[in-house]
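One file, work35.txt, carrying compact mmCIF, C-alpha atoms and all ligand atoms:
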```txt
# COMPACT_ATOMS: atom_id res chain seq x y z
CA MET M 221 -0.85 44.54 -93.62
CA GLU M 222 -2.28 42.46 -90.78
CA LYS M 223 -2.71 39.39 -92.96
CA ARG M 224 -0.98 36.80 -90.82
CA GLY M 225 -3.48 36.53 -88.02
CA ASP M 226 -2.25 39.64 -86.27
CA LYS M 227 -2.74 39.25 -82.55
CA SER M 228 -2.44 42.79 -81.30
CA ILE M 229 -3.18 41.59 -77.79
CA ASP M 230 -0.22 40.81 -75.59
CA LEU M 231 2.22 41.13 -78.44
CA PRO M 232 5.60 42.56 -77.54
CA MET M 233 4.39 45.61 -79.46
CA GLY M 234 7.26 47.43 -77.79
CA ILE M 235 9.35 46.16 -80.69
CA GLU M 236 7.62 48.35 -83.23
CA LYS M 237 7.93 51.31 -80.89
CA LYS M 238 11.60 50.57 -80.19
CA VAL M 239 12.31 50.33 -83.92
CA ALA M 240 10.54 53.63 -84.62
CA GLU M 241 12.43 55.28 -81.74
CA THR M 242 15.82 53.94 -82.87
CA ILE M 243 15.16 55.14 -86.43
CA LYS M 244 14.28 58.58 -85.12
CA LYS M 245 17.02 58.90 -82.49
CA TYR M 246 19.82 57.84 -84.86
CA SER M 247 18.29 59.43 -87.99
CA LEU M 248 18.51 56.06 -89.72
CA VAL M 249 16.14 56.89 -92.56
CA SER M 250 15.53 60.07 -94.53
CA GLU M 251 12.37 60.87 -96.40
CA GLY M 252 12.11 59.07 -99.74
CA ASP M 253 14.88 56.58 -98.90
CA LYS M 254 14.74 53.26 -100.70
CA ILE M 255 15.38 50.60 -98.09
CA VAL M 256 16.75 47.20 -99.00
CA VAL M 257 16.34 44.61 -96.24
CA ALA M 258 18.87 41.78 -96.17
CA LEU M 259 16.79 38.66 -95.57
CA SER M 260 18.09 35.39 -94.18
CA GLY M 261 14.68 33.78 -93.86
CA GLY M 262 14.96 33.84 -90.07
CA LYS M 263 12.88 35.63 -87.45
CA ASP M 264 15.02 38.79 -87.16
CA SER M 265 15.19 39.88 -90.78
CA THR M 266 11.62 38.77 -91.46
CA SER M 267 10.34 40.77 -88.49
CA ILE M 268 12.23 43.92 -89.40
CA LEU M 269 11.01 43.74 -92.99
CA TYR M 270 7.44 43.39 -91.73
CA ILE M 271 7.79 46.25 -89.23
CA LEU M 272 9.38 48.65 -91.72
CA LYS M 273 6.63 47.92 -94.24
CA LYS M 274 4.05 48.48 -91.51
CA LEU M 275 5.69 51.79 -90.61
CA GLY M 276 5.20 52.85 -94.22
CA TYR M 277 8.75 52.68 -95.58
CA ASP M 278 9.66 51.87 -99.18
CA VAL M 279 11.15 48.40 -98.64
CA HIS M 280 12.67 45.77 -100.92
CA GLY M 281 13.79 42.27 -99.78
CA LEU M 282 17.21 40.89 -100.72
CA LEU M 283 17.96 37.22 -100.10
CA ILE M 284 21.12 35.27 -100.90
CA ASP M 285 20.56 31.65 -101.89
CA LEU M 286 23.58 30.06 -100.18
CA HIS M 287 22.73 26.57 -101.51
CA LEU M 288 22.59 24.96 -98.10
CA GLY M 289 20.37 22.10 -99.30
CA GLU M 290 16.84 21.77 -97.97
CA TRP M 291 17.40 24.53 -95.43
CA SER M 292 17.99 27.11 -98.19
CA LYS M 293 15.08 25.81 -100.27
CA ILE M 294 12.64 26.21 -97.38
CA HIS M 295 13.94 29.71 -96.58
CA ASN M 296 13.69 30.78 -100.21
CA ASN M 297 10.13 29.51 -100.57
CA ASN M 298 9.06 31.07 -97.27
CA MET M 299 10.44 34.46 -98.26
CA ILE M 300 8.88 34.32 -101.74
CA LYS M 301 5.47 33.66 -100.16
CA PHE M 302 5.97 36.23 -97.42
CA CYS M 303 6.95 39.03 -99.81
CA GLU M 304 4.16 38.15 -102.24
CA GLU M 305 1.60 38.36 -99.47
CA LEU M 306 2.85 41.72 -98.27
CA GLU M 307 3.44 43.01 -101.80
CA ILE M 308 7.11 43.62 -101.17
CA PRO M 309 9.52 43.28 -104.12
CA LEU M 310 12.10 40.54 -103.53
CA THR M 311 15.45 39.89 -105.20
CA ILE M 312 17.10 36.50 -104.71
CA VAL M 313 20.81 36.36 -105.49
CA ASP M 314 22.05 32.90 -106.41
CA LEU M 315 25.49 32.32 -104.87
CA LYS M 316 26.36 29.72 -107.51
CA LYS M 317 25.65 32.21 -110.26
CA GLU M 318 27.64 34.91 -108.45
CA LEU M 319 30.68 32.87 -107.46
CA GLY M 320 30.29 29.53 -109.21
CA GLN M 321 29.92 27.54 -105.96
CA GLY M 322 27.64 27.10 -102.96
CA ILE M 323 28.80 28.19 -99.51
CA CYS M 324 29.75 24.69 -98.27
CA PHE M 325 32.30 24.23 -101.05
CA ILE M 326 33.73 27.72 -100.52
CA LYS M 327 34.04 27.15 -96.78
CA ALA M 328 35.75 23.79 -97.35
CA VAL M 329 38.32 25.34 -99.73
CA LEU M 330 39.10 28.14 -97.31
CA LYS M 331 39.39 25.71 -94.42
CA LYS M 332 41.92 23.65 -96.38
CA GLN M 333 43.92 26.58 -97.72
CA LYS M 334 43.81 29.06 -94.86
CA ASN M 335 42.37 27.06 -91.99
CA PHE M 336 39.46 29.53 -91.79
CA THR M 337 36.67 28.00 -89.75
CA GLY M 338 33.23 29.01 -88.57
CA CYS M 339 31.21 31.78 -90.12
CA THR M 340 34.00 34.20 -91.03
CA VAL M 341 34.15 33.28 -94.71
CA CYS M 342 30.38 33.18 -95.13
CA GLY M 343 30.02 36.52 -93.32
CA ILE M 344 32.59 38.24 -95.54
CA ILE M 345 31.03 36.88 -98.74
CA LYS M 346 27.50 37.79 -97.69
CA ARG M 347 28.56 41.33 -96.80
CA TRP M 348 30.25 41.73 -100.18
CA ILE M 349 27.20 40.44 -102.11
CA LEU M 350 24.79 42.57 -100.09
CA ASN M 351 26.83 45.74 -100.72
CA LYS M 352 27.04 44.98 -104.42
CA TRP M 353 23.35 44.22 -104.79
CA ALA M 354 22.18 47.08 -102.60
CA LYS M 355 24.03 49.33 -105.03
CA LYS M 356 22.50 47.56 -108.03
CA LEU M 357 19.05 48.07 -106.53
CA TRP M 358 19.75 51.76 -105.95
CA ALA M 359 19.27 51.38 -102.21
CA ASP M 360 19.83 54.35 -99.94
CA LYS M 361 19.87 52.13 -96.88
CA LEU M 362 20.71 48.47 -96.35
CA VAL M 363 18.96 47.01 -93.31
CA THR M 364 20.27 43.98 -91.45
CA GLY M 365 18.43 42.07 -88.74
CA HIS M 366 21.14 42.31 -86.07
CA ASN M 367 19.61 42.49 -82.62
CA LEU M 368 20.67 43.36 -79.07
CA ASP M 369 21.99 39.85 -78.40
CA ASP M 370 24.19 39.97 -81.52
CA GLU M 371 25.58 43.32 -80.46
CA ALA M 372 26.23 42.20 -76.87
CA GLN M 373 28.01 39.10 -78.25
CA ASN M 374 30.14 41.33 -80.49
CA VAL M 375 31.22 43.52 -77.59
CA LEU M 376 32.21 40.52 -75.47
CA MET M 377 33.83 38.60 -78.32
CA ASN M 378 35.97 41.59 -79.30
CA PHE M 379 36.91 42.10 -75.67
CA LEU M 380 37.83 38.44 -75.20
CA LYS M 381 39.88 38.55 -78.41
CA GLY M 382 41.71 41.49 -76.91
CA ASN M 383 40.65 43.79 -79.74
CA VAL M 384 37.96 46.15 -78.50
CA LEU M 385 38.64 48.39 -81.48
CA LEU M 386 36.94 45.88 -83.76
CA GLY M 387 33.75 47.38 -82.39
CA VAL M 388 34.64 50.95 -83.32
CA ASN M 389 31.94 50.99 -86.02
CA SER M 390 29.33 49.46 -83.74
CA SER M 391 26.18 51.55 -83.98
CA PRO M 392 22.62 51.34 -85.31
CA ALA M 393 24.08 53.08 -88.38
CA THR M 394 27.37 51.58 -89.51
CA GLY M 395 29.61 52.55 -92.36
CA GLY M 396 27.78 55.59 -93.53
CA LYS M 397 28.17 57.35 -96.82
CA ALA M 398 31.90 57.39 -96.22
CA VAL M 399 32.30 55.93 -99.68
CA GLU M 400 30.10 57.69 -102.18
CA GLY M 401 27.61 55.46 -103.98
CA PHE M 402 27.24 52.83 -101.26
CA ALA M 403 24.11 52.18 -99.28
CA GLN M 404 24.48 52.91 -95.60
CA ARG M 405 24.00 49.87 -93.38
CA ILE M 406 21.44 50.30 -90.63
CA LYS M 407 20.31 48.05 -87.78
CA PRO M 408 16.90 49.14 -86.50
CA LEU M 409 16.74 46.10 -84.13
CA PHE M 410 19.98 47.16 -82.41
CA PHE M 411 18.27 47.59 -79.02
CA VAL M 412 15.71 44.79 -79.30
CA PRO M 413 16.51 41.53 -77.45
CA GLU M 414 16.31 38.31 -79.43
CA SER M 415 13.73 36.90 -76.99
CA GLU M 416 11.30 39.72 -77.87
CA ILE M 417 11.76 39.23 -81.59
CA ARG M 418 11.11 35.49 -81.21
CA LYS M 419 7.87 36.20 -79.33
CA TYR M 420 6.86 38.77 -81.93
CA ALA M 421 7.53 36.49 -84.90
CA LYS M 422 5.63 33.62 -83.24
CA ALA M 423 2.68 35.81 -82.31
CA LYS M 424 2.51 37.08 -85.89
CA LYS M 425 2.64 33.47 -87.10
CA PHE M 426 5.36 34.18 -89.61
CA ASP M 427 5.97 31.16 -91.78
CA ILE M 428 9.68 30.81 -91.05
CA LEU M 429 12.22 28.27 -89.89
CA TYR M 430 13.54 28.57 -86.36
CA ASP M 431 16.23 25.92 -86.94
CA LYS M 432 19.82 27.05 -86.90
CA CYS M 433 21.87 27.16 -90.07
CA PRO M 434 23.32 23.65 -90.69
CA CYS M 435 26.78 25.24 -91.09
CA ALA M 436 26.72 27.16 -87.81
CA PHE M 437 28.68 24.92 -85.53
CA GLY M 438 31.92 25.16 -83.66
CA THR M 439 32.12 28.91 -84.09
CA TYR M 440 33.26 31.40 -81.51
CA ARG M 441 29.92 33.19 -81.85
CA VAL M 442 27.96 30.00 -81.14
CA GLU M 443 30.12 29.37 -78.07
CA THR M 444 29.65 32.97 -76.88
CA ARG M 445 25.88 32.72 -77.45
CA GLU M 446 25.74 29.55 -75.32
CA TRP M 447 27.84 31.12 -72.65
CA MET M 448 25.59 34.22 -72.57
CA ARG M 449 22.40 32.23 -72.07
CA GLY M 450 22.41 32.99 -68.37
CA ILE M 451 22.64 36.74 -68.92
CA SER M 452 19.36 38.65 -68.74
CA ASP M 453 18.11 41.02 -71.44
CA ILE M 454 18.64 43.90 -69.01
CA GLU M 455 22.31 42.97 -68.60
CA LYS M 456 22.73 42.59 -72.38
CA LYS M 457 21.25 46.05 -72.83
CA LYS M 458 23.74 47.42 -70.31
CA ILE M 459 26.64 45.78 -72.17
CA VAL M 460 25.53 47.34 -75.47
CA GLU M 461 24.59 50.76 -74.09
CA ASN M 462 27.73 51.11 -72.00
CA PHE M 463 29.87 50.18 -74.99
CA GLN M 464 27.99 52.73 -77.11
CA LYS M 465 29.13 55.40 -74.64
CA LEU M 466 32.74 54.47 -75.43
CA VAL M 467 32.34 54.41 -79.21
CA PRO M 468 32.64 58.19 -79.89
CA LYS M 469 35.87 58.30 -77.87
CA LEU M 470 37.27 55.24 -79.64
CA ARG M 471 36.39 56.83 -82.98
CA THR M 472 38.17 60.12 -82.27
CA GLU M 473 41.27 58.33 -81.06
CA ASN M 474 41.34 55.77 -83.84
CA VAL M 475 40.52 57.08 -87.27
CA PHE M 476 39.86 54.29 -89.76
CA GLU M 477 39.84 55.44 -93.30
CA LEU M 478 37.43 53.50 -95.49
CA LYS M 479 38.87 52.89 -98.93
CA THR M 480 37.65 51.13 -102.02
CA CYS M 481 39.10 47.76 -102.96
CA LYS M 482 41.51 47.89 -105.92
CA GLU M 483 40.09 44.64 -107.32
CA CYS M 484 36.33 45.04 -107.03
CA GLY M 485 35.73 48.65 -106.02
CA GLU M 486 33.72 47.70 -102.94
CA PRO M 487 34.34 49.34 -99.52
CA SER M 488 37.44 48.02 -97.79
CA SER M 489 39.72 48.88 -94.89
CA GLY M 490 42.79 47.81 -96.91
CA GLU M 491 43.94 47.97 -100.52
CA ILE M 492 42.29 44.63 -101.31
CA CYS M 493 39.06 43.65 -99.56
CA ASN M 494 38.68 40.40 -97.63
CA ALA M 495 36.18 39.07 -100.16
CA CYS M 496 38.67 39.44 -103.02
CA LYS M 497 41.29 37.66 -100.91
CA ILE M 498 38.79 34.79 -100.57
CA PHE M 499 37.98 34.83 -104.30
CA ALA M 500 41.70 34.53 -105.05
CA CYS M 501 41.73 31.21 -103.13
CA LEU M 502 38.87 29.87 -105.26
CA LYS M 503 40.68 30.39 -108.59
S1 LIG U 601 25.34 30.76 -89.59
FE1 LIG U 601 27.37 31.07 -90.47
S2 LIG U 601 27.47 29.64 -92.18
FE2 LIG U 601 25.30 29.84 -91.63
S3 LIG U 601 24.51 31.43 -92.96
FE3 LIG U 601 25.15 32.42 -91.07
S4 LIG U 601 27.25 33.10 -91.44
FE4 LIG U 601 26.74 31.58 -93.02
ZN ZN U 602 37.43 43.49 -103.41
```

Once more with this new file: its structure as C-alpha cells, please.
Ligand code: SF4
Ligand SMILES: [Zn+2]
Amino acid sequence: MEKRGDKSIDLPMGIEKKVAETIKKYSLVSEGDKIVVALSGGKDSTSILYILKKLGYDVHGLLIDLHLGEWSKIHNNNMIKFCEELEIPLTIVDLKKELGQGICFIKAVLKKQKNFTGCTVCGIIKRWILNKWAKKLWADKLVTGHNLDDEAQNVLMNFLKGNVLLGVNSSPATGGKAVEGFAQRIKPLFFVPESEIRKYAKAKKFDILYDKCPCAFGTYRVETREWMRGISDIEKKKIVENFQKLVPKLRTENVFELKTCKECGEPSSGEICNACKIFACLK
C-alpha cells in the first residue's frame, strides 16, 4: 500500500483517523459493503480512495471522462496509473458515449437555451451518471470527495441565496436507501479541511493535477471560495458543525419525499429529474 514514497513522518495523519472516526460515528459503511469512489482526478477523491483502500475497504474507482481537452486526458491517465498501482478496479465512463457530447458543448447549449451558467449543469449531469453507474456496479455506497471547505461553502451559499433548506440533506451520509436499489452517497472527508488534504496528497506524492478545472470560472462557488479564503479551518469547522446541529430540526419540519424520475427512473425530488430536463434541451 505504501508504494508512493509514504512519508509517515509529519504527515497530517489525522486525516486517516478523522475518516475512520467519521465512518464509525455516522455508520457510513457496513461490513461487506462494495464502495464505489467517484474520482475527479483531484486531490480529494484520490486521497479518499487511497485512505479507504488502506483502511481495508472493498473499493472501486469511477471516473467520468468529461472531454475537457488535455485536462481530462491527464486526469484519466493519472487515475489509470494510480488504480493500477494500488490494484483498485477502475471504471471510466465516457460522457460522449453516454450523452453524445462533451461537457463544454452541453454547457454552451444550456447557457443559450436556459441561461444556466457555472457548474450547475455539469454537477447535475455528473450526479446522474454517478448514480446510474454506481447501480450498474452493484455499489452499496457511493463515496464523493467533498471536504469541510465544500460543506462550509454550501452552508453559506444556501444562506446567502436565502434558502437554508437546500442544505437539509447535508450530512456525511446523504440520500440514504430512501429509494430502493440506489447506492447511498457518503462523504468520509466531511470534517477534513481542504488544506489538510492538500498537505496529505503532496506528502504522499500522488501523481495528480492541482490545476483547477478549465470550466470552473465565474461561478458562485468560486466567488464564495475566494471570499472564504480569510476564514480559518477552525471557523469553517464551526460553520459546518453548527449547521449540522440544525439539520435534524430542519428535517422534521420539512419532509422531502424522494421520488423516482418518470423518464429515467433515477432519484428525483420532482416528477422529472433535473438531468432529464437538461437532456430534453439537447434533443
Ligand atoms: S468545476 Fe464545474 S465544470 Fe469543472 S468539472 Fe467541476 S462541476 Fe464540472
Ligand atoms: Zn430523469

| Which polymer residues have any atom within 9 Å of an atom of M:Phe463, counting only C-alpha atoms, with same-chain residues fewer than 2 positions away left out, as a list in words? |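 The neighbour list is Ala372, Val375, Gly387, Ser390, Lys458, Ile459, Val460, Glu461, Lys465, Leu466 and Val467 of chain M.
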
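The space between atom CA of M:Leu362 and atom CA of M:Ile454 spans 27.8 Å.
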
| said: Excluding stretch 434-443 of chain M and its own-chain neighbours fewer than 4 positions away, which residues fall within 9 Å of it when counting all atoms listed in the file? Please give them as a PyMOL selection string. | reply: chain M and resi 288+291+324+337-340+370+373-374+377+447-448

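Proximity to ligand ZN 602 (chain U) was assessed for M:Trp358, M:Phe410, M:Tyr430, M:Trp348 counting only C-alpha atoms and all ligand atoms; the smallest distance is recorded for M:Trp348.
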
| field | Test item: which residues lie within 12 Å of (10.6, 55.4, -93.2) counting all atoms listed in the file, as a ChimeraX atom specification | value | /M:239-244,247-256,269,271-279,360-361,363,408

| With all atoms listed in the file as the atoms that count, which of M:Ile284, M:Ile349, M:Val384, M:Ala423 lies nearest to ligand ZN 602 (chain U)? |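 The closest residue to ligand ZN 602 (chain U) is M:Ile349.
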
| Residue among M:Phe426, M:Ile344, M:Val388, M:Glu416 lying closest to ligand ZN 602 (chain U), counting only C-alpha atoms and all ligand atoms |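 Using only C-alpha atoms and all ligand atoms, the shortest distance to ligand ZN 602 (chain U) belongs to M:Ile344.
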
| remark: With distances taken over only C-alpha atoms and all ligand atoms, the candidate from M:Gly289, M:Gly450, M:Pro487, M:Gly262 nearest ligand ZN 602 (chain U) is M:Pro487

| Quick one: residues within 6 Å of ligand ZN 602 (chain U), with only C-alpha atoms and all ligand atoms, as an MDAnalysis selection string? | chainID M and resid 481 483:484 486 492:493 495:496
